[in-house]
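Heads up, the thing below is written out as structure tokens.
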Amino acid sequence: MKATVRKDIVKTDVLIIGGGIAGMQAAITAAEHGVDVIVAEKADTRRSGCGATGNDHFMCYIPEYHGEDFNEIIREVTETLVGPLQDMDLLRLMMKRSHELVLKWESYGIPMRPTGQWSFMGHAMPGRRRYHLKYDGKDQKPLLTKAALARGAKIMNKTVMRQLLTDDAGRVVGAIGINITNDVPEIVVFQTKAVIIATGNALRLYPGQNPAYSFNVANCPADTGSGQAMALRAGARLVNLDQPYVHSGPKYFARAGKATWIGVLTDFHGEPVGPFVTKPTKELGDVTADIWQNVFEEKMEDGSGPVYMNCSETSEDDMQYMMNAFLSEGDSSIVDYLDQYDINLRKEMVEFGTFEYNFTARGLDIGLDGGTTLPGLYAAGNATGNVRGDITSAAVFGHICAENASEYVKTQPDYDVTNHAEIAKEIELIDTILGRENGATWREANSMLQQIMREYVGMKLRSESLMKAGIKYIRDLRKYSLNQLKADNAHELMRTLEVLDLIDVGEAVALMSENRKESRGRCHRRSDYTFTNPLLNNKFQTIAKTKDGFQLEFRDKAR
Amino acid sequence: MPPVINQELCVKCGLCAQICPLDVIKVEQNVENEKNIVVKYPDECWHCRACAIDCPKQAIKLRYPLSHMMLHIEVNEQERGI
Ligand SMILES: Cc1cc2nc3c(=O)[nH]c(=O)nc-3n(C[C@H](O)[C@H](O)[C@H](O)COP(=O)(O)OP(=O)(O)OC[C@H]3O[C@@H](n4cnc5c(N)ncnc54)[C@H](O)[C@@H]3O)c2cc1C
Ligand code: SF4
Ligand code: SF4
């Protein structure tokens with residue numbers, strides 16, 4: 001099989017890659033600013049990405065509810081969920097503008113006050129302020145899509161983006177994608193003045209709890225680090241890939257949304273494992289695992305596990321509330337499962353565990369305008385690496401990127417990409433993969449990549465020899481993959497390109513981890529540097545690919 | 001086979017195939033140009049339930065494979081009989 005190539009180049013002012021939460025917010029805002037905007041989404045924006053069938057907590061600061069003490073909320077935010085990998089200027093900006101975005105979402109028809117009032121629940125410690133607005137996100141994606149279309153944004157679904165095009169000065173001027181609607185893939189070339197990367201997380205790089213089923217992961221397995229990979233290849237700077245993130249929930253039934261559970265984490269005997277709650281309420285679920293993220297593994301390893309989510313003390317009203325919240329949260333499969341298997345949470349505890357290592361907000365290095373280090377390239381949401389706020393960072397920085405990109409494009413001339421050298425190279429790669437009669441499947445390459453990452457750039461223990469070996473193996477895997485991978489249709493081609501992107505991300509993760517000569521936090525423990533270096537406390541590590549190879553640097557957190 | 005389509009209820013509108021975030025479901029056409037809705041890549045299902053939620057005929061149910069067992073146990077030790 002050979003791919004077809006669309007005759008006409010698709011031209012726009014702003015191209016948004018990925019139509020998840022960040023991408024759809026960016027589309028709405030760019031369209032409101034009167035520029036031509038296209039969203040290229042590999043699935044369908046109505047149900048794609050981590051927010052596909054819902055989310056229920058929107059971290060925000062609402063002055064009329066929280067009062068004037070903004071710093072108090074910032075302190076709560078940093079001490080609980082979102083962790084230390086924050087540029088505080090970006091975090092403050094995000095929280096400052098969160099209220100504005102909440103009101104915008106309400107205007108798109110998303111129920112931000114399903115009870116009629118601002119209601120803040122969960123993700124909090126007893127006696128402290130709560131800052132997670134409980135909303136009903138089950139239809140957020142169709143509603144964001146509707147709002148974007150109503151304002152004139154164009155959406156190209158089933159379009160897997162693969163490569164950025166830059167001019168000699170490094171400005172982003174276009175991109176290459178593949179339309180997978182039909183069995184025969186169609187290559188589509190875009191010419192644009194600015195690109196906003198909104199492709200989310202990098203799943204399927206590390207194995208999940210259930211390696212044989214690599215799509216049984218808590219975050220959306222269609223988010224495969226392709227924004228990070230294509231930006232890296234184009235020369236943009238990435239940040240914080242050396243410290244992946246882990247989340248937890250029902251052990252082998254991977255669904256994010258831990259804070260929606262109203263229960264106490266208890267041991268086998270029903271005793272609480274954390275100090276925070278004994279009687280759970282909807283206001284305060286058990287925040288233990290937000291703070292003690294290793295709890296499940298530690299207790300398995302020392303034999304005092306397993307750890308369970310125990311909802312037996314939850315009141316009847318709160319139980320109903322939780323079941324409804326699962327539907328808002330995109331976790332209707334939990335409700336469905338409990339129902340199909342006749343599991344009564346009044347009587348039964350569900351074992352919890354740690355999910356796959358992922359790259360929630362590890363990625364592109366952005367500034368206060370959402371811009372990356374390449375002119376014309378912006379990024380928002382989980383594909384960025386120096387601010388974390390989940391739905392909030394996706395929405396706020398999607399909005400900020402679009403505001404600034406819309407101004408930037410007015411200053412830019414058209415750049416004709418017709419004869420861009422990358423286009424022929426990409427067509428050749430794709431036709432080679434499609435043309436192989438015999439060869440390797442994407443699954444083979446993906447599973448080897450996961451093995452290498454787990455063993456050599458692992459999270460339990462890292463060292464120079466392990467990681468240097470790992471880097472060598474990842475590069476071998478890339479070489480063999482390029483020489484052997486085959487795909488028989490557009491769907492398989494998408495999966496194959498995802499793995500090639502993941503290999504690029506994996507290489508960057510390994511290089512950065514090897515270069516961090518200290519131990520830090522839960523996810524970067526080195527046997528050859530067992531201490532934490534205080535000189536690096538206020539620094540982030542970055543990586544960029546230059547013509548002289550990879551450049552790794554430690555820089556101050558504030559840019 | 002995570003999503004299971006009740007072919008009697010299904011009106012072959014193709015919505016589930018269009019919106020699935022993982023491209024699990026495909027619309028296939030036979031020589032007579034009849035549409036068939038096929039769960040082509042069951043192992044790639046993420047259990048988001050978008051297909052089941054959006055199907056206008058409620059023709060889709062999810063089957064949860066044994067590999068995804070949600071481990072659970074009675075709260076009281078006495079009742080557990082351990
Ligand atoms: C079940 C669940 C519950 C959650 N609950 C909450 C919550 O209550 N509160 C909260 O704050 N956060 C929650 N989160 C996290 C939240 O959903 C994410 O942080 C948020 O969706 C990130 O937005 P994003 O735009 O960066 O990525 P996503 O929303 O995942 O969007 C990325 C998009 O890019 C597309 N894409 C990827 N690669 C390509 C490519 N190469 N070409 C084209 N398109 C591509 C994907 O298909 C997807 O549509 C939850 C996550 C899950 C899974
Ligand atoms: S959405 Fe429902 S009715 Fe439409 S094709 Fe799918 S299963 Fe059939
Ligand atoms: S549950 Fe989600 S991933 Fe699975 S087939 Fe349905 S829409 Fe696709």
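Following the order of the structure tokens, chains are lettered A, B, ..., residues in each are numbered from 1, and ligands are numbered from 1.
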Mind checking which residues fall within 12 Å of B:Cys20, counting only C-alpha atoms, ignoring those fewer than 4 positions away in the same chain, and posting them as a ChimeraX atom specification?
-> /A:42-49,52-53,157-158,220,222 /B:3,14-16,24-27,39-42,44-55
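The part of chain B that reaches within 6 Å of chain A is made up of B:Ile19, B:Pro21, B:Glu44, B:Trp46, B:His68, B:Met70, B:Leu71, B:His72, B:Ile73, B:Glu74, B:Val75, counting only C-alpha atoms.
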Just to be explicit: take each residue in the selection above, keep all heavy atoms, and write the result as a JSON list (two decimals), in the first residue's frame.
```json
[["chain", "number", "residue", "atom", "x", "y", "z"],
["B", 19, "ILE", "N", -16.46, 8.53, 16.83],
["B", 19, "ILE", "CA", -16.03, 9.25, 18.03],
["B", 19, "ILE", "C", -15.08, 8.47, 18.93],
["B", 19, "ILE", "O", -14.49, 9.04, 19.84],
["B", 19, "ILE", "CB", -17.23, 9.76, 18.89],
["B", 19, "ILE", "CG1", -18.22, 8.64, 19.14],
["B", 19, "ILE", "CG2", -17.93, 10.93, 18.22],
["B", 19, "ILE", "CD1", -18.26, 8.17, 20.53],
["B", 21, "PRO", "N", -12.14, 7.44, 20.81],
["B", 21, "PRO", "CA", -10.82, 8.10, 20.88],
["B", 21, "PRO", "C", -9.67, 7.19, 20.48],
["B", 21, "PRO", "O", -8.58, 7.67, 20.16],
["B", 21, "PRO", "CB", -10.68, 8.52, 22.34],
["B", 21, "PRO", "CG", -11.84, 7.98, 23.08],
["B", 21, "PRO", "CD", -12.83, 7.43, 22.11],
["B", 44, "GLU", "N", -7.36, -2.42, 22.06],
["B", 44, "GLU", "CA", -6.96, -1.02, 22.18],
["B", 44, "GLU", "C", -8.05, -0.17, 22.83],
["B", 44, "GLU", "O", -7.96, 1.05, 22.86],
["B", 44, "GLU", "CB", -6.58, -0.49, 20.78],
["B", 44, "GLU", "CG", -5.37, -1.23, 20.23],
["B", 44, "GLU", "CD", -5.09, -0.95, 18.74],
["B", 44, "GLU", "OE1", -5.42, 0.16, 18.27],
["B", 44, "GLU", "OE2", -4.54, -1.84, 18.08],
["B", 46, "TRP", "N", -10.01, 1.68, 25.67],
["B", 46, "TRP", "CA", -9.60, 2.34, 26.91],
["B", 46, "TRP", "C", -10.73, 2.35, 27.96],
["B", 46, "TRP", "O", -10.60, 2.93, 29.02],
["B", 46, "TRP", "CB", -9.14, 3.77, 26.57],
["B", 46, "TRP", "CG", -8.66, 4.61, 27.69],
["B", 46, "TRP", "CD1", -7.82, 4.25, 28.69],
["B", 46, "TRP", "CD2", -9.00, 5.99, 27.92],
["B", 46, "TRP", "NE1", -7.59, 5.33, 29.53],
["B", 46, "TRP", "CE2", -8.30, 6.41, 29.08],
["B", 46, "TRP", "CE3", -9.81, 6.92, 27.26],
["B", 46, "TRP", "CZ2", -8.39, 7.71, 29.58],
["B", 46, "TRP", "CZ3", -9.90, 8.21, 27.76],
["B", 46, "TRP", "CH2", -9.19, 8.60, 28.91],
["B", 68, "HIS", "N", -8.64, -7.09, 33.48],
["B", 68, "HIS", "CA", -8.91, -5.79, 34.11],
["B", 68, "HIS", "C", -9.67, -5.95, 35.44],
["B", 68, "HIS", "O", -10.32, -5.03, 35.90],
["B", 68, "HIS", "CB", -9.76, -4.93, 33.18],
["B", 68, "HIS", "CG", -9.08, -4.52, 31.91],
["B", 68, "HIS", "ND1", -8.33, -5.37, 31.15],
["B", 68, "HIS", "CD2", -9.06, -3.33, 31.26],
["B", 68, "HIS", "CE1", -7.87, -4.72, 30.07],
["B", 68, "HIS", "NE2", -8.29, -3.49, 30.12],
["B", 70, "MET", "N", -11.29, -5.84, 38.84],
["B", 70, "MET", "CA", -11.20, -4.86, 39.93],
["B", 70, "MET", "C", -11.16, -5.67, 41.23],
["B", 70, "MET", "O", -12.17, -6.25, 41.64],
["B", 70, "MET", "CB", -12.42, -3.93, 39.90],
["B", 70, "MET", "CG", -12.17, -2.59, 40.56],
["B", 70, "MET", "SD", -13.67, -1.60, 40.72],
["B", 70, "MET", "CE", -13.91, -0.96, 39.08],
["B", 71, "LEU", "N", -10.00, -5.73, 41.85],
["B", 71, "LEU", "CA", -9.82, -6.59, 43.02],
["B", 71, "LEU", "C", -10.62, -6.03, 44.19],
["B", 71, "LEU", "O", -10.53, -4.84, 44.49],
["B", 71, "LEU", "CB", -8.34, -6.67, 43.38],
["B", 71, "LEU", "CG", -7.39, -7.00, 42.23],
["B", 71, "LEU", "CD1", -5.94, -6.91, 42.70],
["B", 71, "LEU", "CD2", -7.69, -8.36, 41.65],
["B", 72, "HIS", "N", -11.39, -6.89, 44.86],
["B", 72, "HIS", "CA", -12.21, -6.39, 45.98],
["B", 72, "HIS", "C", -12.35, -7.46, 47.03],
["B", 72, "HIS", "O", -12.14, -8.65, 46.77],
["B", 72, "HIS", "CB", -13.58, -5.94, 45.47],
["B", 72, "HIS", "CG", -14.33, -7.03, 44.79],
["B", 72, "HIS", "ND1", -15.24, -7.82, 45.42],
["B", 72, "HIS", "CD2", -14.30, -7.46, 43.50],
["B", 72, "HIS", "CE1", -15.73, -8.70, 44.57],
["B", 72, "HIS", "NE2", -15.18, -8.51, 43.40],
["B", 73, "ILE", "N", -12.70, -7.01, 48.24],
["B", 73, "ILE", "CA", -12.74, -7.94, 49.37],
["B", 73, "ILE", "C", -13.72, -7.39, 50.41],
["B", 73, "ILE", "O", -13.88, -6.17, 50.51],
["B", 73, "ILE", "CB", -11.31, -8.10, 49.93],
["B", 73, "ILE", "CG1", -11.18, -9.26, 50.89],
["B", 73, "ILE", "CG2", -10.81, -6.83, 50.61],
["B", 73, "ILE", "CD1", -9.70, -9.64, 51.12],
["B", 74, "GLU", "N", -14.37, -8.25, 51.15],
["B", 74, "GLU", "CA", -15.33, -7.78, 52.17],
["B", 74, "GLU", "C", -14.62, -6.94, 53.23],
["B", 74, "GLU", "O", -13.47, -7.22, 53.57],
["B", 74, "GLU", "CB", -15.98, -8.98, 52.87],
["B", 74, "GLU", "CG", -16.79, -9.85, 51.94],
["B", 74, "GLU", "CD", -18.25, -9.89, 52.31],
["B", 74, "GLU", "OE1", -18.67, -9.14, 53.21],
["B", 74, "GLU", "OE2", -18.97, -10.69, 51.69],
["B", 75, "VAL", "N", -15.33, -5.97, 53.75],
["B", 75, "VAL", "CA", -14.71, -5.07, 54.72],
["B", 75, "VAL", "C", -14.38, -5.77, 56.03],
["B", 75, "VAL", "O", -13.29, -5.64, 56.57],
["B", 75, "VAL", "CB", -15.63, -3.86, 55.01],
["B", 75, "VAL", "CG1", -15.01, -2.96, 56.06],
["B", 75, "VAL", "CG2", -15.89, -3.08, 53.73]]
```
Which neighbours of B:Val4 fall inside 9 Å, counting only C-alpha atoms, when residues of the same chain fewer than 3 positions from it are skipped, and could you give them as JSON, numbers by chain?
-> {"B": [1, 39, 59, 60, 61, 62, 63]}
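Taking atom CA of A:Val509 and atom CA of A:Gly470 as endpoints, the distance between them is 10.5 Å.
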Determine which residues of chain B DSSP labels as strand (DSSP E) from the backbone of this structure, then write them out as number ranges by chain.
-> B: 3-5, 25-29, 35-39, 60-62, 72-74
Filtering to N, CA, C and O atoms, could you give me those residues as a PDB file, in the first residue's frame?
```pdb
ATOM      1  N   PRO B   3     -16.172  -3.412  23.646  1.00  0.00           N
ATOM      2  CA  PRO B   3     -17.561  -3.025  23.346  1.00  0.00           C
ATOM      3  C   PRO B   3     -18.254  -4.193  22.643  1.00  0.00           C
ATOM      4  O   PRO B   3     -17.662  -4.839  21.779  1.00  0.00           O
ATOM      5  N   VAL B   4     -19.460  -4.450  23.038  1.00  0.00           N
ATOM      6  CA  VAL B   4     -20.233  -5.502  22.389  1.00  0.00           C
ATOM      7  C   VAL B   4     -21.454  -4.827  21.782  1.00  0.00           C
ATOM      8  O   VAL B   4     -22.227  -4.176  22.490  1.00  0.00           O
ATOM      9  N   ILE B   5     -21.595  -4.963  20.473  1.00  0.00           N
ATOM     10  CA  ILE B   5     -22.673  -4.255  19.775  1.00  0.00           C
ATOM     11  C   ILE B   5     -23.834  -5.211  19.546  1.00  0.00           C
ATOM     12  O   ILE B   5     -23.664  -6.296  18.998  1.00  0.00           O
ATOM     13  N   ILE B  25     -13.373   0.956  16.759  1.00  0.00           N
ATOM     14  CA  ILE B  25     -14.533   0.460  16.009  1.00  0.00           C
ATOM     15  C   ILE B  25     -14.441   0.973  14.570  1.00  0.00           C
ATOM     16  O   ILE B  25     -14.070   2.124  14.341  1.00  0.00           O
ATOM     17  N   LYS B  26     -14.752   0.126  13.621  1.00  0.00           N
ATOM     18  CA  LYS B  26     -14.657   0.510  12.210  1.00  0.00           C
ATOM     19  C   LYS B  26     -15.964   0.226  11.479  1.00  0.00           C
ATOM     20  O   LYS B  26     -16.664  -0.739  11.807  1.00  0.00           O
ATOM     21  N   VAL B  27     -16.264   1.047  10.498  1.00  0.00           N
ATOM     22  CA  VAL B  27     -17.399   0.772   9.619  1.00  0.00           C
ATOM     23  C   VAL B  27     -16.834   0.070   8.391  1.00  0.00           C
ATOM     24  O   VAL B  27     -15.986   0.616   7.702  1.00  0.00           O
ATOM     25  N   GLU B  28     -17.269  -1.154   8.178  1.00  0.00           N
ATOM     26  CA  GLU B  28     -16.793  -1.865   6.990  1.00  0.00           C
ATOM     27  C   GLU B  28     -17.949  -2.027   6.017  1.00  0.00           C
ATOM     28  O   GLU B  28     -19.106  -2.099   6.412  1.00  0.00           O
ATOM     29  N   GLN B  29     -17.596  -2.075   4.732  1.00  0.00           N
ATOM     30  CA  GLN B  29     -18.642  -2.214   3.729  1.00  0.00           C
ATOM     31  C   GLN B  29     -18.408  -3.496   2.937  1.00  0.00           C
ATOM     32  O   GLN B  29     -17.284  -3.769   2.531  1.00  0.00           O
ATOM     33  N   LYS B  35     -23.317  -1.806   5.161  1.00  0.00           N
ATOM     34  CA  LYS B  35     -22.385  -1.404   6.224  1.00  0.00           C
ATOM     35  C   LYS B  35     -22.374  -2.431   7.337  1.00  0.00           C
ATOM     36  O   LYS B  35     -23.411  -2.996   7.686  1.00  0.00           O
ATOM     37  N   ASN B  36     -21.193  -2.601   7.883  1.00  0.00           N
ATOM     38  CA  ASN B  36     -21.074  -3.476   9.037  1.00  0.00           C
ATOM     39  C   ASN B  36     -20.250  -2.736  10.092  1.00  0.00           C
ATOM     40  O   ASN B  36     -19.220  -2.149   9.765  1.00  0.00           O
ATOM     41  N   ILE B  37     -20.716  -2.742  11.327  1.00  0.00           N
ATOM     42  CA  ILE B  37     -19.979  -2.042  12.386  1.00  0.00           C
ATOM     43  C   ILE B  37     -19.151  -3.095  13.130  1.00  0.00           C
ATOM     44  O   ILE B  37     -19.708  -4.003  13.734  1.00  0.00           O
ATOM     45  N   VAL B  38     -17.840  -2.945  13.052  1.00  0.00           N
ATOM     46  CA  VAL B  38     -16.953  -4.004  13.553  1.00  0.00           C
ATOM     47  C   VAL B  38     -16.071  -3.484  14.685  1.00  0.00           C
ATOM     48  O   VAL B  38     -15.477  -2.411  14.569  1.00  0.00           O
ATOM     49  N   VAL B  39     -15.974  -4.265  15.754  1.00  0.00           N
ATOM     50  CA  VAL B  39     -15.033  -3.937  16.834  1.00  0.00           C
ATOM     51  C   VAL B  39     -13.687  -4.520  16.413  1.00  0.00           C
ATOM     52  O   VAL B  39     -13.357  -5.667  16.696  1.00  0.00           O
ATOM     53  N   ILE B  60     -24.789  -0.509  22.601  1.00  0.00           N
ATOM     54  CA  ILE B  60     -23.449  -0.960  23.001  1.00  0.00           C
ATOM     55  C   ILE B  60     -23.367  -1.206  24.504  1.00  0.00           C
ATOM     56  O   ILE B  60     -23.803  -0.387  25.310  1.00  0.00           O
ATOM     57  N   LYS B  61     -22.803  -2.354  24.826  1.00  0.00           N
ATOM     58  CA  LYS B  61     -22.466  -2.650  26.228  1.00  0.00           C
ATOM     59  C   LYS B  61     -20.972  -2.916  26.276  1.00  0.00           C
ATOM     60  O   LYS B  61     -20.392  -3.407  25.320  1.00  0.00           O
ATOM     61  N   LEU B  62     -20.372  -2.594  27.400  1.00  0.00           N
ATOM     62  CA  LEU B  62     -18.955  -2.891  27.548  1.00  0.00           C
ATOM     63  C   LEU B  62     -18.795  -4.232  28.243  1.00  0.00           C
ATOM     64  O   LEU B  62     -19.520  -4.522  29.194  1.00  0.00           O
ATOM     65  N   HIS B  72     -11.390  -6.886  44.865  1.00  0.00           N
ATOM     66  CA  HIS B  72     -12.208  -6.385  45.976  1.00  0.00           C
ATOM     67  C   HIS B  72     -12.346  -7.455  47.034  1.00  0.00           C
ATOM     68  O   HIS B  72     -12.142  -8.646  46.768  1.00  0.00           O
ATOM     69  N   ILE B  73     -12.703  -7.008  48.242  1.00  0.00           N
ATOM     70  CA  ILE B  73     -12.744  -7.942  49.372  1.00  0.00           C
ATOM     71  C   ILE B  73     -13.717  -7.385  50.414  1.00  0.00           C
ATOM     72  O   ILE B  73     -13.881  -6.168  50.512  1.00  0.00           O
ATOM     73  N   GLU B  74     -14.373  -8.253  51.148  1.00  0.00           N
ATOM     74  CA  GLU B  74     -15.326  -7.783  52.174  1.00  0.00           C
ATOM     75  C   GLU B  74     -14.619  -6.940  53.228  1.00  0.00           C
ATOM     76  O   GLU B  74     -13.470  -7.218  53.568  1.00  0.00           O
TER      77      GLU B  74
END
```
Find the spatial neighbours of A:Val172, counting only C-alpha atoms, within a cut-off of 12 Å - ignore same-chain residues fewer than 5 positions away - and output them as JSON, numbers by chain.
-> {"A": [13, 14, 15, 163, 164, 165, 166, 167, 190, 191, 192, 193, 194, 195, 196, 197, 230, 231, 234, 235, 236, 371, 372, 373, 374, 375, 376, 377, 378, 405, 408, 409, 412, 414, 415, 416, 417]}
Those of stretch 192-381 of chain A in DSSP alpha helix (DSSP H), formatted as number ranges by chain | A: 226-234, 288-291, 295-301, 316-328, 332-340
Quick one: everything within 10 Å of A:Gly458, counting only C-alpha atoms, minus sequence neighbours fewer than 5 positions away in the same chain. Send it as an MDAnalysis selection string.
-> chainID A and resid 206 357 450:453 463 466:467 470 510 513 523:526
Take the residues that were just selected and, keeping N, CA and C atoms, output them as a short mmCIF file (atom, residue, chain, number, x, y, z; two decimals), in the first residue's frame.
```cif
data_model
loop_
_atom_site.label_atom_id
_atom_site.label_comp_id
_atom_site.auth_asym_id
_atom_site.auth_seq_id
_atom_site.Cartn_x
_atom_site.Cartn_y
_atom_site.Cartn_z
N TYR A 206 6.11 3.93 29.36
CA TYR A 206 6.35 2.96 30.43
C TYR A 206 5.17 1.99 30.47
N TYR A 357 3.77 5.06 34.91
CA TYR A 357 4.54 6.30 34.94
C TYR A 357 4.17 7.11 33.72
N GLN A 450 8.90 -0.29 26.18
CA GLN A 450 8.43 -0.29 27.58
C GLN A 450 9.37 -1.10 28.48
N GLN A 451 9.86 -2.20 27.95
CA GLN A 451 10.81 -3.00 28.75
C GLN A 451 12.08 -2.22 29.04
N ILE A 452 12.60 -1.58 28.00
CA ILE A 452 13.85 -0.83 28.19
C ILE A 452 13.62 0.30 29.20
N MET A 453 12.51 1.00 29.06
CA MET A 453 12.27 2.12 29.96
C MET A 453 12.11 1.63 31.41
N SER A 463 20.89 4.46 37.57
CA SER A 463 22.33 4.66 37.74
C SER A 463 22.93 4.94 36.37
N LEU A 466 23.19 1.75 34.12
CA LEU A 466 21.88 1.32 33.62
C LEU A 466 21.38 2.26 32.53
N MET A 467 21.49 3.55 32.80
CA MET A 467 20.90 4.49 31.85
C MET A 467 21.71 4.62 30.57
N GLY A 470 20.71 1.82 28.64
CA GLY A 470 19.35 2.08 28.14
C GLY A 470 19.35 2.98 26.92
N ALA A 510 15.71 9.44 28.93
CA ALA A 510 16.91 8.73 29.38
C ALA A 510 18.10 9.68 29.47
N SER A 513 17.64 11.98 32.47
CA SER A 513 17.73 11.27 33.75
C SER A 513 19.18 10.94 34.05
N CYS A 523 10.51 9.71 41.89
CA CYS A 523 10.69 9.08 40.59
C CYS A 523 12.12 9.10 40.07
N HIS A 524 13.02 9.68 40.82
CA HIS A 524 14.40 9.70 40.31
C HIS A 524 15.34 9.34 41.45
N ARG A 525 15.47 8.02 41.67
CA ARG A 525 16.34 7.56 42.76
C ARG A 525 17.57 6.91 42.14
N ARG A 526 18.73 7.47 42.44
CA ARG A 526 19.95 6.94 41.83
C ARG A 526 20.79 6.22 42.86
#
```
